>>> print(open('upload-v2.cif').read())   # mmCIF, C-alpha atoms, pLDDT in the B column; chains and numbers go by the auth columns
data_work
loop_
_atom_site.group_PDB
_atom_site.id
_atom_site.type_symbol
_atom_site.label_atom_id
_atom_site.label_comp_id
_atom_site.label_asym_id
_atom_site.label_seq_id
_atom_site.Cartn_x
_atom_site.Cartn_y
_atom_site.Cartn_z
_atom_site.B_iso_or_equiv
_atom_site.auth_seq_id
_atom_site.auth_asym_id
ATOM 1 C CA MET A 1 114.401 56.896 94.721 84.00 1 E
ATOM 2 C CA PHE A 2 114.680 60.684 94.953 94.00 2 E
ATOM 3 C CA GLN A 3 117.431 61.263 97.491 95.00 3 E
ATOM 4 C CA THR A 4 117.956 64.880 96.432 97.00 4 E
ATOM 5 C CA VAL A 5 115.215 67.180 95.140 97.00 5 E
ATOM 6 C CA LEU A 6 116.306 70.451 93.531 98.00 6 E
ATOM 7 C CA PHE A 7 113.627 73.119 93.698 96.00 7 E
ATOM 8 C CA PRO A 8 114.453 76.323 91.793 95.00 8 E
ATOM 9 C CA VAL A 9 112.340 79.251 92.984 91.00 9 E
ATOM 10 C CA ASP A 10 111.620 82.723 91.693 84.00 10 E
ATOM 11 C CA GLN A 11 109.155 85.469 92.580 78.00 11 E
ATOM 12 C CA SER A 12 106.289 84.033 90.522 77.00 12 E
ATOM 13 C CA ARG A 13 103.070 82.718 92.017 76.00 13 E
ATOM 14 C CA GLN A 14 103.592 79.502 90.020 80.00 14 E
ATOM 15 C CA SER A 15 106.880 78.889 91.761 81.00 15 E
ATOM 16 C CA MET A 16 105.335 79.002 95.214 80.00 16 E
ATOM 17 C CA ASP A 17 102.354 76.915 94.051 84.00 17 E
ATOM 18 C CA THR A 18 104.851 74.308 92.859 92.00 18 E
ATOM 19 C CA ALA A 19 106.431 74.249 96.318 92.00 19 E
ATOM 20 C CA ASP A 20 103.601 71.997 97.519 92.00 20 E
ATOM 21 C CA VAL A 21 104.536 69.363 94.925 94.00 21 E
ATOM 22 C CA ALA A 22 108.231 69.552 95.832 95.00 22 E
ATOM 23 C CA LEU A 23 107.341 69.337 99.516 94.00 23 E
ATOM 24 C CA LYS A 24 105.121 66.265 99.079 94.00 24 E
ATOM 25 C CA LEU A 25 107.717 64.532 96.907 95.00 25 E
ATOM 26 C CA ALA A 26 110.503 65.208 99.407 95.00 26 E
ATOM 27 C CA ARG A 27 108.397 64.000 102.319 94.00 27 E
ATOM 28 C CA GLN A 28 107.325 60.852 100.501 94.00 28 E
ATOM 29 C CA HIS A 29 110.906 59.895 99.667 94.00 29 E
ATOM 30 C CA GLY A 30 112.692 61.337 102.693 93.00 30 E
ATOM 31 C CA SER A 31 114.669 63.523 100.305 94.00 31 E
ATOM 32 C CA ARG A 32 117.240 66.192 100.864 94.00 32 E
ATOM 33 C CA VAL A 33 115.801 69.454 99.526 96.00 33 E
ATOM 34 C CA VAL A 34 117.966 71.981 97.743 97.00 34 E
ATOM 35 C CA LEU A 35 116.451 75.403 97.103 96.00 35 E
ATOM 36 C CA LEU A 36 117.976 77.488 94.339 95.00 36 E
ATOM 37 C CA SER A 37 117.340 80.995 93.152 91.00 37 E
ATOM 38 C CA VAL A 38 119.197 82.714 90.364 88.00 38 E
ATOM 39 C CA VAL A 39 120.099 86.389 90.102 81.00 39 E
ATOM 40 C CA GLU A 40 119.467 86.907 86.412 79.00 40 E
ATOM 41 C CA GLU A 41 121.845 88.760 84.134 72.00 41 E
ATOM 42 C CA GLU A 42 119.061 90.650 82.353 67.00 42 E
ATOM 43 C CA GLU A 43 116.900 93.322 83.950 59.00 43 E
ATOM 44 C CA GLY A 44 113.818 92.136 85.807 55.00 44 E
ATOM 45 C CA ALA A 45 112.615 91.311 89.296 51.00 45 E
ATOM 46 C CA MET A 46 115.109 88.469 89.751 58.00 46 E
ATOM 47 C CA HIS A 47 117.905 90.831 88.707 65.00 47 E
ATOM 48 C CA ASP A 48 117.838 92.334 92.207 70.00 48 E
ATOM 49 C CA PRO A 49 119.858 90.289 94.738 76.00 49 E
ATOM 50 C CA ALA A 50 117.607 91.489 97.598 81.00 50 E
ATOM 51 C CA THR A 51 114.554 90.047 95.820 79.00 51 E
ATOM 52 C CA VAL A 52 116.329 86.739 95.296 77.00 52 E
ATOM 53 C CA THR A 53 117.275 86.567 98.980 84.00 53 E
ATOM 54 C CA ARG A 54 113.683 87.338 100.031 86.00 54 E
ATOM 55 C CA VAL A 55 112.291 84.646 97.710 84.00 55 E
ATOM 56 C CA LEU A 56 114.719 82.062 99.079 88.00 56 E
ATOM 57 C CA GLU A 57 113.835 82.930 102.668 91.00 57 E
ATOM 58 C CA GLN A 58 110.106 82.564 101.933 90.00 58 E
ATOM 59 C CA ALA A 59 110.700 79.152 100.370 91.00 59 E
ATOM 60 C CA ARG A 60 112.981 78.055 103.207 93.00 60 E
ATOM 61 C CA SER A 61 110.355 79.062 105.773 94.00 61 E
ATOM 62 C CA LEU A 62 107.690 77.082 103.946 91.00 62 E
ATOM 63 C CA PHE A 63 109.798 73.902 103.951 93.00 63 E
ATOM 64 C CA GLU A 64 111.021 74.338 107.517 93.00 64 E
ATOM 65 C CA GLU A 65 107.460 74.914 108.795 94.00 65 E
ATOM 66 C CA ALA A 66 106.617 71.581 107.165 91.00 66 E
ATOM 67 C CA GLY A 67 109.481 69.947 109.070 92.00 67 E
ATOM 68 C CA LEU A 68 111.947 69.671 106.199 92.00 68 E
ATOM 69 C CA ALA A 69 115.405 71.167 106.424 89.00 69 E
ATOM 70 C CA CYS A 70 116.867 72.391 103.169 95.00 70 E
ATOM 71 C CA ASP A 71 120.082 73.627 101.675 96.00 71 E
ATOM 72 C CA VAL A 72 119.922 77.017 99.997 95.00 72 E
ATOM 73 C CA PHE A 73 121.888 78.123 96.949 95.00 73 E
ATOM 74 C CA GLU A 74 121.896 81.605 95.472 91.00 74 E
ATOM 75 C CA ARG A 75 123.719 81.921 92.167 92.00 75 E
ATOM 76 C CA SER A 76 123.887 84.338 89.266 89.00 76 E
ATOM 77 C CA GLY A 77 123.668 83.745 85.550 90.00 77 E
ATOM 78 C CA LYS A 78 121.183 82.433 83.029 90.00 78 E
ATOM 79 C CA PRO A 79 118.590 80.449 85.021 91.00 79 E
ATOM 80 C CA ALA A 80 118.375 77.309 82.871 92.00 80 E
ATOM 81 C CA PHE A 81 122.143 76.878 82.752 95.00 81 E
ATOM 82 C CA VAL A 82 122.581 77.567 86.463 95.00 82 E
ATOM 83 C CA ILE A 83 119.799 75.102 87.348 96.00 83 E
ATOM 84 C CA GLY A 84 121.502 72.397 85.289 96.00 84 E
ATOM 85 C CA ASP A 85 124.890 73.155 86.829 97.00 85 E
ATOM 86 C CA VAL A 86 123.566 73.079 90.402 97.00 86 E
ATOM 87 C CA ALA A 87 121.629 69.863 89.697 98.00 87 E
ATOM 88 C CA ASP A 88 124.904 68.304 88.631 97.00 88 E
ATOM 89 C CA GLU A 89 126.816 69.782 91.576 97.00 89 E
ATOM 90 C CA VAL A 90 124.387 68.449 94.227 97.00 90 E
ATOM 91 C CA ASN A 91 123.714 65.155 92.408 97.00 91 E
ATOM 92 C CA ALA A 92 120.012 65.940 92.158 97.00 92 E
ATOM 93 C CA ASP A 93 117.772 63.011 91.395 97.00 93 E
ATOM 94 C CA VAL A 94 114.952 65.257 90.208 98.00 94 E
ATOM 95 C CA ILE A 95 114.322 68.934 89.531 97.00 95 E
ATOM 96 C CA VAL A 96 110.835 70.147 90.439 97.00 96 E
ATOM 97 C CA MET A 97 109.796 73.403 88.817 94.00 97 E
ATOM 98 C CA GLY A 98 106.759 75.258 87.603 88.00 98 E
ATOM 99 C CA THR A 99 105.887 76.760 84.286 82.00 99 E
ATOM 100 C CA ARG A 100 103.897 79.861 83.599 67.00 100 E
ATOM 101 C CA GLY A 101 101.198 78.001 81.715 57.00 101 E
ATOM 102 C CA ILE A 102 102.946 78.281 78.369 54.00 102 E
ATOM 103 C CA SER A 103 103.091 75.172 76.237 53.00 103 E
ATOM 104 C CA LEU A 104 106.636 73.865 76.369 53.00 104 E
ATOM 105 C CA GLU A 105 106.327 72.796 72.742 55.00 105 E
ATOM 106 C CA ASP A 106 105.370 76.311 71.650 53.00 106 E
ATOM 107 C CA ASP A 107 107.901 78.195 73.742 53.00 107 E
ATOM 108 C CA GLN A 108 111.337 76.631 73.480 57.00 108 E
ATOM 109 C CA HIS A 109 112.788 79.760 75.119 68.00 109 E
ATOM 110 C CA SER A 110 111.040 79.215 78.442 82.00 110 E
ATOM 111 C CA THR A 111 113.255 78.379 81.388 87.00 111 E
ATOM 112 C CA ALA A 112 111.442 75.077 81.967 88.00 112 E
ATOM 113 C CA ALA A 113 111.909 73.999 78.339 88.00 113 E
ATOM 114 C CA ARG A 114 115.626 74.826 78.480 91.00 114 E
ATOM 115 C CA VAL A 115 116.074 73.009 81.797 93.00 115 E
ATOM 116 C CA ILE A 116 114.485 69.891 80.297 92.00 116 E
ATOM 117 C CA GLN A 117 117.054 70.051 77.485 92.00 117 E
ATOM 118 C CA LEU A 118 120.047 70.694 79.755 93.00 118 E
ATOM 119 C CA ALA A 119 119.319 68.827 82.986 96.00 119 E
ATOM 120 C CA PRO A 120 121.462 65.891 84.079 95.00 120 E
ATOM 121 C CA CYS A 121 118.422 64.308 85.780 97.00 121 E
ATOM 122 C CA PRO A 122 114.641 64.033 85.335 97.00 122 E
ATOM 123 C CA VAL A 123 112.622 67.257 85.481 96.00 123 E
ATOM 124 C CA LEU A 124 109.131 67.333 86.952 95.00 124 E
ATOM 125 C CA VAL A 125 107.367 70.347 85.432 93.00 125 E
ATOM 126 C CA VAL A 126 104.217 71.403 87.270 91.00 126 E
ATOM 127 C CA PRO A 127 101.735 73.441 85.217 83.00 127 E
#
>>> encode(input="upload-v2.cif", output="structure tokens")
Amino acid sequence: MFQTVLFPVDQSRQSMDTADVALKLARQHGSRVVLLSVVEEEEGAMHDPATVTRVLEQARSLFEEAGLACDVFERSGKPAFVIGDVADEVNADVIVMGTRGISLEDDQHSTAARVIQLAPCPVLVVP
């Protein structure tokens, strides 16, 4: 059912906690895993390309240690738009991502809320 799982990662603890859900889902369905990290246009931790590369390597190691190979994408731009574009590009069947505990109804500016609006496939948001 889920041939391709897109897992966007950033430097947050929630992102790495969500990795377990993406890992279990990919294992259960024998899915291809695509890791994505976005160098953001605005200032912040994910504005630094070296940080983005480090985050992707940590995520890749986690999946490979679990026996799952993954494709890795590093892009720049506004995260929600890039996530939607990459989901379309790789024909993702599901996007698995975390949220920082903010109600999606209350914060329509969160990345997760925007991805839900823009995604070409289902989005599994892990609190």
>>> residues_around(input="upload-v2.cif", residues="segment 21-26 of chain E", least_positions_apart="6", cutoff="10 Å", atoms="all atoms listed in the file", output="list in words")
Phe2, Gln3, Thr4, Val5, Leu6, Phe7, Arg32, Val33, Leu62, Phe63, Ala66, Gly67, Leu68, Val94, Ile95, Val96, Met97, Gly98, Leu124, Val125 and Val126 of chain E
>>> atom_distance(input="upload-v2.cif", atom1="atom CA of Thr18 of chain E", atom2="atom CA of Pro127 of chain E")
8.3 Å
>>> atom_distance(input="upload-v2.cif", atom1="atom CA of Asp93 of chain E", atom2="atom CA of Val34 of chain E")
11.0 Å
>>> closest_residue(input="upload-v2.cif", among="E:Glu89, E:Asp20, E:Glu74, E:Glu65", to="Val52 of chain E", atoms="all atoms listed in the file")
E:Glu74
>>> closest_residue(input="upload-v2.cif", among="E:Gly77, E:Met16, E:Val86, E:Gln28", to="Glu57 of chain E", atoms="all atoms listed in the file")
E:Met16
>>> atom_distance(input="upload-v2.cif", atom1="atom CA of Ala80 of chain E", atom2="atom CA of Thr99 of chain E")
12.6 Å
>>> closest_residue(input="upload-v2.cif", among="E:Met1, E:Val38, E:Ala113, E:Ala50", to="Ile83 of chain E", atoms="all atoms listed in the file")
E:Val38
>>> closest_residue(input="upload-v2.cif", among="E:Asp17, E:Ser61, E:Pro8, E:Gly30", to="Val123 of chain E", atoms="all atoms listed in the file")
E:Pro8
>>> resolve_selection(input="upload-v2.cif", expression="the PyMOL selection byres ((chain E and resi 84) around 7)", output="ChimeraX atom specification")
/E:80-83,85-88,115,118-120
>>> closest_residue(input="upload-v2.cif", among="E:Leu35, E:Val9, E:Ala112, E:Val90", to="Glu64 of chain E", atoms="only C-alpha atoms")
E:Leu35
>>> closest_residue(input="upload-v2.cif", among="E:Ala69, E:Val55, E:Cys121, E:Ala19", to="Val39 of chain E", atoms="all atoms listed in the file")
E:Val55
>>> decode(input="upload-v2.cif", residues="segment 28-40 of chain E", atoms="N, CA, C and O atoms", output="compact mmCIF listing (two decimals), in the first residue's frame")
# COMPACT_ATOMS: atom_id res chain seq x y z
N GLN E 28 6.90 -2.56 7.64
CA GLN E 28 5.64 -3.28 7.52
C GLN E 28 5.20 -3.41 6.07
O GLN E 28 4.64 -4.43 5.67
N HIS E 29 5.46 -2.39 5.27
CA HIS E 29 4.99 -2.39 3.89
C HIS E 29 6.10 -2.64 2.86
O HIS E 29 5.84 -2.61 1.66
N GLY E 30 7.31 -2.86 3.34
CA GLY E 30 8.42 -3.06 2.42
C GLY E 30 8.64 -1.84 1.53
O GLY E 30 8.92 -1.97 0.34
N SER E 31 8.52 -0.67 2.12
CA SER E 31 8.54 0.58 1.38
C SER E 31 9.94 1.08 1.06
O SER E 31 10.89 0.82 1.79
N ARG E 32 10.00 1.84 0.00
CA ARG E 32 11.18 2.65 -0.29
C ARG E 32 11.09 3.85 0.64
O ARG E 32 10.02 4.45 0.79
N VAL E 33 12.20 4.22 1.27
CA VAL E 33 12.21 5.37 2.17
C VAL E 33 12.99 6.51 1.51
O VAL E 33 14.08 6.31 0.98
N VAL E 34 12.38 7.68 1.52
CA VAL E 34 13.03 8.87 1.01
C VAL E 34 13.15 9.86 2.17
O VAL E 34 12.15 10.26 2.75
N LEU E 35 14.39 10.20 2.51
CA LEU E 35 14.65 11.19 3.54
C LEU E 35 14.82 12.55 2.86
O LEU E 35 15.45 12.64 1.81
N LEU E 36 14.27 13.56 3.48
CA LEU E 36 14.35 14.91 2.92
C LEU E 36 14.65 15.90 4.03
O LEU E 36 14.05 15.83 5.11
N SER E 37 15.57 16.79 3.78
CA SER E 37 15.79 17.91 4.68
C SER E 37 15.89 19.16 3.84
O SER E 37 16.40 19.13 2.72
N VAL E 38 15.39 20.25 4.39
CA VAL E 38 15.28 21.49 3.64
C VAL E 38 16.14 22.57 4.28
O VAL E 38 16.02 22.84 5.47
N VAL E 39 17.02 23.17 3.48
CA VAL E 39 17.75 24.36 3.92
C VAL E 39 16.77 25.50 3.79
O VAL E 39 16.32 25.83 2.68
N GLU E 40 16.39 26.07 4.93
CA GLU E 40 15.37 27.11 4.94
C GLU E 40 15.91 28.45 4.48
O GLU E 40 17.08 28.77 4.69
